[in-house]
>>> print(open('query_22.pdb').read())   # PDB, C-alpha atoms, pLDDT in the B column
ATOM      1  CA  MET O  23      20.586 -18.017   7.530  1.00 66.00           C
ATOM      2  CA  GLU O  24      20.620 -14.722   9.437  1.00 87.00           C
ATOM      3  CA  SER O  25      20.058 -12.198   6.666  1.00 90.00           C
ATOM      4  CA  THR O  26      19.090 -11.856   3.022  1.00 94.00           C
ATOM      5  CA  ARG O  27      18.674  -9.121   0.437  1.00 95.00           C
ATOM      6  CA  VAL O  28      15.630  -6.916   0.928  1.00 95.00           C
ATOM      7  CA  ASP O  29      14.445  -7.316  -2.673  1.00 94.00           C
ATOM      8  CA  ARG O  30      14.623 -11.095  -2.414  1.00 95.00           C
ATOM      9  CA  TRP O  31      12.836 -11.095   0.940  1.00 95.00           C
ATOM     10  CA  LEU O  32      10.001  -8.841  -0.321  1.00 95.00           C
ATOM     11  CA  TRP O  33       9.472 -11.246  -3.209  1.00 95.00           C
ATOM     12  CA  ALA O  34       9.761 -14.377  -1.062  1.00 95.00           C
ATOM     13  CA  VAL O  35       7.113 -13.245   1.446  1.00 95.00           C
ATOM     14  CA  ARG O  36       4.803 -12.222  -1.409  1.00 94.00           C
ATOM     15  CA  LEU O  37       4.675  -8.469  -0.806  1.00 93.00           C
ATOM     16  CA  THR O  38       5.591  -8.024  -4.487  1.00 93.00           C
ATOM     17  CA  LYS O  39       4.629 -10.170  -7.440  1.00 93.00           C
ATOM     18  CA  THR O  40       8.102 -10.519  -8.972  1.00 93.00           C
ATOM     19  CA  ARG O  41      11.623 -10.007  -7.762  1.00 93.00           C
ATOM     20  CA  SER O  42      12.215  -7.410 -10.447  1.00 94.00           C
ATOM     21  CA  ASP O  43       9.188  -5.471  -9.105  1.00 93.00           C
ATOM     22  CA  ALA O  44      10.734  -5.617  -5.646  1.00 93.00           C
ATOM     23  CA  ALA O  45      14.105  -4.407  -6.926  1.00 94.00           C
ATOM     24  CA  ALA O  46      12.429  -1.587  -8.872  1.00 94.00           C
ATOM     25  CA  ALA O  47      10.511  -0.488  -5.774  1.00 94.00           C
ATOM     26  CA  VAL O  48      13.718  -0.453  -3.740  1.00 95.00           C
ATOM     27  CA  ARG O  49      15.647   1.454  -6.420  1.00 95.00           C
ATOM     28  CA  GLY O  50      12.762   3.914  -6.698  1.00 93.00           C
ATOM     29  CA  GLY O  51      13.059   4.808  -3.010  1.00 93.00           C
ATOM     30  CA  HIS O  52       9.793   3.145  -1.983  1.00 95.00           C
ATOM     31  CA  VAL O  53      11.396   0.801   0.570  1.00 95.00           C
ATOM     32  CA  ARG O  54      12.995   1.680   3.894  1.00 96.00           C
ATOM     33  CA  VAL O  55      14.622  -0.704   6.356  1.00 95.00           C
ATOM     34  CA  ASN O  56      14.636   0.536   9.965  1.00 95.00           C
ATOM     35  CA  ASP O  57      13.659   4.017   8.693  1.00 93.00           C
ATOM     36  CA  ARG O  58      16.702   4.228   6.426  1.00 94.00           C
ATOM     37  CA  PRO O  59      16.567   4.270   2.625  1.00 94.00           C
ATOM     38  CA  ALA O  60      17.414   0.826   1.248  1.00 93.00           C
ATOM     39  CA  LYS O  61      19.230  -0.497  -1.790  1.00 93.00           C
ATOM     40  CA  PRO O  62      18.319  -3.857  -3.363  1.00 92.00           C
ATOM     41  CA  ALA O  63      21.259  -5.550  -1.617  1.00 93.00           C
ATOM     42  CA  THR O  64      20.461  -4.143   1.835  1.00 93.00           C
ATOM     43  CA  GLY O  65      20.313  -6.987   4.326  1.00 94.00           C
ATOM     44  CA  VAL O  66      17.264  -7.709   6.447  1.00 95.00           C
ATOM     45  CA  HIS O  67      17.503  -9.529   9.763  1.00 94.00           C
ATOM     46  CA  PRO O  68      14.852 -10.812  12.164  1.00 95.00           C
ATOM     47  CA  GLY O  69      13.535  -7.862  14.176  1.00 94.00           C
ATOM     48  CA  ASP O  70      14.011  -5.290  11.381  1.00 94.00           C
ATOM     49  CA  THR O  71      11.132  -3.061  10.313  1.00 96.00           C
ATOM     50  CA  VAL O  72      10.504  -2.804   6.578  1.00 96.00           C
ATOM     51  CA  ARG O  73       8.332   0.000   5.195  1.00 96.00           C
ATOM     52  CA  ALA O  74       7.409  -0.625   1.558  1.00 95.00           C
ATOM     53  CA  ARG O  75       5.119   1.327  -0.768  1.00 93.00           C
ATOM     54  CA  VAL O  76       3.668  -1.350  -3.027  1.00 87.00           C
ATOM     55  CA  HIS O  77       0.652  -0.933  -5.333  1.00 84.00           C
ATOM     56  CA  ASP O  78      -0.206   2.541  -3.954  1.00 84.00           C
ATOM     57  CA  ARG O  79      -0.336   1.212  -0.406  1.00 88.00           C
ATOM     58  CA  THR O  80       2.282   1.593   2.320  1.00 92.00           C
ATOM     59  CA  ARG O  81       2.950  -1.655   4.161  1.00 93.00           C
ATOM     60  CA  ILE O  82       4.874  -1.684   7.446  1.00 96.00           C
ATOM     61  CA  VAL O  83       6.071  -5.143   8.407  1.00 96.00           C
ATOM     62  CA  GLU O  84       8.404  -6.526  11.044  1.00 96.00           C
ATOM     63  CA  VAL O  85      10.705  -9.334   9.933  1.00 95.00           C
ATOM     64  CA  VAL O  86      10.171 -12.480  12.005  1.00 95.00           C
ATOM     65  CA  ARG O  87      11.920 -15.037   9.827  1.00 94.00           C
ATOM     66  CA  VAL O  88      14.299 -14.633   6.908  1.00 94.00           C
ATOM     67  CA  ILE O  89      13.667 -16.718   3.796  1.00 94.00           C
ATOM     68  CA  GLU O  90      15.205 -16.580   0.335  1.00 89.00           C
ATOM     69  CA  LYS O  91      12.958 -18.934  -1.629  1.00 92.00           C
ATOM     70  CA  ARG O  92       9.362 -18.098  -2.452  1.00 93.00           C
ATOM     71  CA  VAL O  93       6.963 -20.196  -0.385  1.00 92.00           C
ATOM     72  CA  GLY O  94       3.214 -20.601  -0.217  1.00 93.00           C
ATOM     73  CA  ALA O  95       1.075 -17.754   1.080  1.00 93.00           C
ATOM     74  CA  PRO O  96       0.278 -19.362   4.474  1.00 94.00           C
ATOM     75  CA  ASP O  97       3.991 -19.986   5.117  1.00 94.00           C
ATOM     76  CA  ALA O  98       4.951 -16.518   3.862  1.00 93.00           C
ATOM     77  CA  ALA O  99       2.519 -14.876   6.279  1.00 93.00           C
ATOM     78  CA  THR O 100       4.421 -16.409   9.210  1.00 94.00           C
ATOM     79  CA  CYS O 101       7.636 -14.659   8.164  1.00 94.00           C
ATOM     80  CA  TYR O 102       6.470 -11.170   9.122  1.00 95.00           C
ATOM     81  CA  ILE O 103       4.158  -9.291  11.450  1.00 95.00           C
ATOM     82  CA  ASP O 104       2.022  -6.745   9.650  1.00 94.00           C
ATOM     83  CA  ARG O 105       2.144  -3.418  11.526  1.00 94.00           C
ATOM     84  CA  THR O 106       0.332  -1.466   8.811  1.00 92.00           C
ATOM     85  CA  PRO O 107      -2.207   0.932  10.338  1.00 91.00           C
ATOM     86  CA  ALA O 108      -5.836   0.464   9.351  1.00 88.00           C
ATOM     87  CA  PRO O 109      -6.965   2.607   6.426  1.00 81.00           C
ATOM     88  CA  PRO O 110      -9.025   5.680   7.319  1.00 78.00           C
ATOM     89  CA  PRO O 111     -12.777   5.076   7.333  1.00 77.00           C
ATOM     90  CA  GLU O 112     -14.779   6.164   4.332  1.00 69.00           C
ATOM     91  CA  ALA O 113     -16.582   9.476   4.502  1.00 58.00           C
ATOM     92  CA  LEU O 114     -19.818   9.152   6.433  1.00 64.00           C
ATOM     93  CA  THR O 115     -21.566  11.826   4.417  1.00 61.00           C
ATOM     94  CA  PRO O 116     -22.911  10.693   1.076  1.00 61.00           C
ATOM     95  CA  VAL O 117     -20.933  11.849  -1.901  1.00 66.00           C
ATOM     96  CA  ALA O 118     -22.890  13.086  -4.872  1.00 62.00           C
ATOM     97  CA  ARG O 119     -21.745  11.341  -8.012  1.00 72.00           C
ATOM     98  CA  ARG O 120     -22.808  11.873 -11.576  1.00 73.00           C
ATOM     99  CA  GLU O 121     -22.710   9.349 -14.352  1.00 82.00           C
ATOM    100  CA  ARG O 122     -19.688   9.554 -16.561  1.00 85.00           C
ATOM    101  CA  GLY O 123     -20.406  11.583 -19.687  1.00 84.00           C
ATOM    102  CA  ALA O 124     -23.505  13.225 -18.207  1.00 84.00           C
ATOM    103  CA  GLY O 125     -22.161  16.693 -18.984  1.00 86.00           C
ATOM    104  CA  ARG O 126     -22.401  19.774 -16.834  1.00 88.00           C
ATOM    105  CA  PRO O 127     -25.020  19.798 -14.091  1.00 85.00           C
ATOM    106  CA  THR O 128     -28.140  21.799 -14.806  1.00 90.00           C
ATOM    107  CA  LYS O 129     -29.328  24.523 -12.472  1.00 92.00           C
ATOM    108  CA  ARG O 130     -31.801  22.044 -10.976  1.00 92.00           C
ATOM    109  CA  ASP O 131     -29.022  19.442 -10.466  1.00 87.00           C
ATOM    110  CA  ARG O 132     -26.811  22.058  -8.801  1.00 86.00           C
ATOM    111  CA  ARG O 133     -29.596  23.032  -6.406  1.00 89.00           C
ATOM    112  CA  LEU O 134     -30.190  19.391  -5.499  1.00 85.00           C
ATOM    113  CA  LEU O 135     -26.461  18.894  -4.896  1.00 80.00           C
ATOM    114  CA  ASP O 136     -26.308  22.008  -2.718  1.00 85.00           C
ATOM    115  CA  ARG O 137     -29.310  20.809  -0.712  1.00 85.00           C
ATOM    116  CA  LEU O 138     -27.652  17.396  -0.255  1.00 81.00           C
ATOM    117  CA  ARG O 139     -24.466  19.051   0.995  1.00 79.00           C
ATOM    118  CA  GLY O 140     -26.383  21.212   3.453  1.00 77.00           C
ATOM    119  CA  GLN O 141     -25.629  24.460   1.659  1.00 72.00           C
ATOM    120  CA  GLY O 142     -29.040  24.585   0.056  1.00 58.00           C
ATOM    121  CA  TRP O 143     -31.754  27.058  -0.201  1.00 56.00           C
TER     122      TRP O 143
END
>>> encode(input="query_22.pdb", output="structure tokens")
Amino acid sequence: MESTRVDRWLWAVRLTKTRSDAAAAVRGGHVRVNDRPAKPATGVHPGDTVRARVHDRTRIVEVVRVIEKRVGAPDAATCYIDRTPAPPPEALTPVARRERGAGRPTKRDRRLLDRLRGQGW
């Protein structure tokens, strides 16, 4: 087997939970094969690069092996090389957060927040 449909491959290697989710992502324009927009029936071959936006995260994977049937997670991980860049590090400065439903900050709270941000008095 040299190629398969991109929606079937995304489902088989467990990048999406269901095949219909994979097809919906492809139809919605969230999947590109070799930097070209894909349709659900677009073929993927070993060596192709697939860029998929799944669950608010962009995954960039290189196809190593083509499969059509869903396999276990350890076997599925051998079918692609994950080229997704690491997410950006969290902000190093502390972020002031208020409890939900706490209302507007008082003048004292605002001054404390300004002091924490380095804009203080």
>>> axis_aligned_box(input="query_22.pdb", around="stretch 75-86 of chain O", padding_each_side="4 Å", output="lines of an AutoDock Vina configuration file")
center_x = 5.2
center_y = -5.0
center_z = 3.3
size_x = 19.0
size_y = 23.0
size_z = 25.3
>>> residues_around(input="query_22.pdb", residues="O:Ala34", least_positions_apart="5", cutoff="10 Å", atoms="all atoms listed in the file", output="list in words")
Val28, Asp29, Lys39, Thr40, Arg41, Ala44, Val88, Ile89, Glu90, Lys91, Arg92, Val93, Gly94, Ala95, Ala98 and Cys101 of chain O
>>> atom_distance(input="query_22.pdb", atom1="atom CA of O:Gln141", atom2="atom CA of O:Thr128")
16.9 Å
>>> resolve_selection(input="query_22.pdb", expression="the PyMOL selection byres ((chain O and resi 45) around 12)", output="ChimeraX atom specification")
/O:27-33,37-44,46-53,60-64,74,76
>>> closest_residue(input="query_22.pdb", among="O:Arg54, O:Asp131, O:Thr80, O:His67", to="O:Asp104", atoms="only C-alpha atoms")
O:Thr80
>>> resolve_selection(input="query_22.pdb", expression="the PyMOL selection byres ((chain O and resi 57) around 9)", output="PDB file with C-alpha atoms, keeping the file's coordinate frame")
ATOM      1  CA  ARG O  54      12.995   1.680   3.894  1.00 96.00           C
ATOM      2  CA  VAL O  55      14.622  -0.704   6.356  1.00 95.00           C
ATOM      3  CA  ASN O  56      14.636   0.536   9.965  1.00 95.00           C
ATOM      4  CA  ARG O  58      16.702   4.228   6.426  1.00 94.00           C
ATOM      5  CA  PRO O  59      16.567   4.270   2.625  1.00 94.00           C
ATOM      6  CA  ALA O  60      17.414   0.826   1.248  1.00 93.00           C
ATOM      7  CA  THR O  71      11.132  -3.061  10.313  1.00 96.00           C
ATOM      8  CA  VAL O  72      10.504  -2.804   6.578  1.00 96.00           C
ATOM      9  CA  ARG O  73       8.332   0.000   5.195  1.00 96.00           C
TER      10      ARG O  73
END
>>> atom_distance(input="query_22.pdb", atom1="atom CA of O:Ser25", atom2="atom CA of O:Val86")
11.2 Å
>>> atom_distance(input="query_22.pdb", atom1="atom CA of O:Pro110", atom2="atom CA of O:Arg79")
12.5 Å
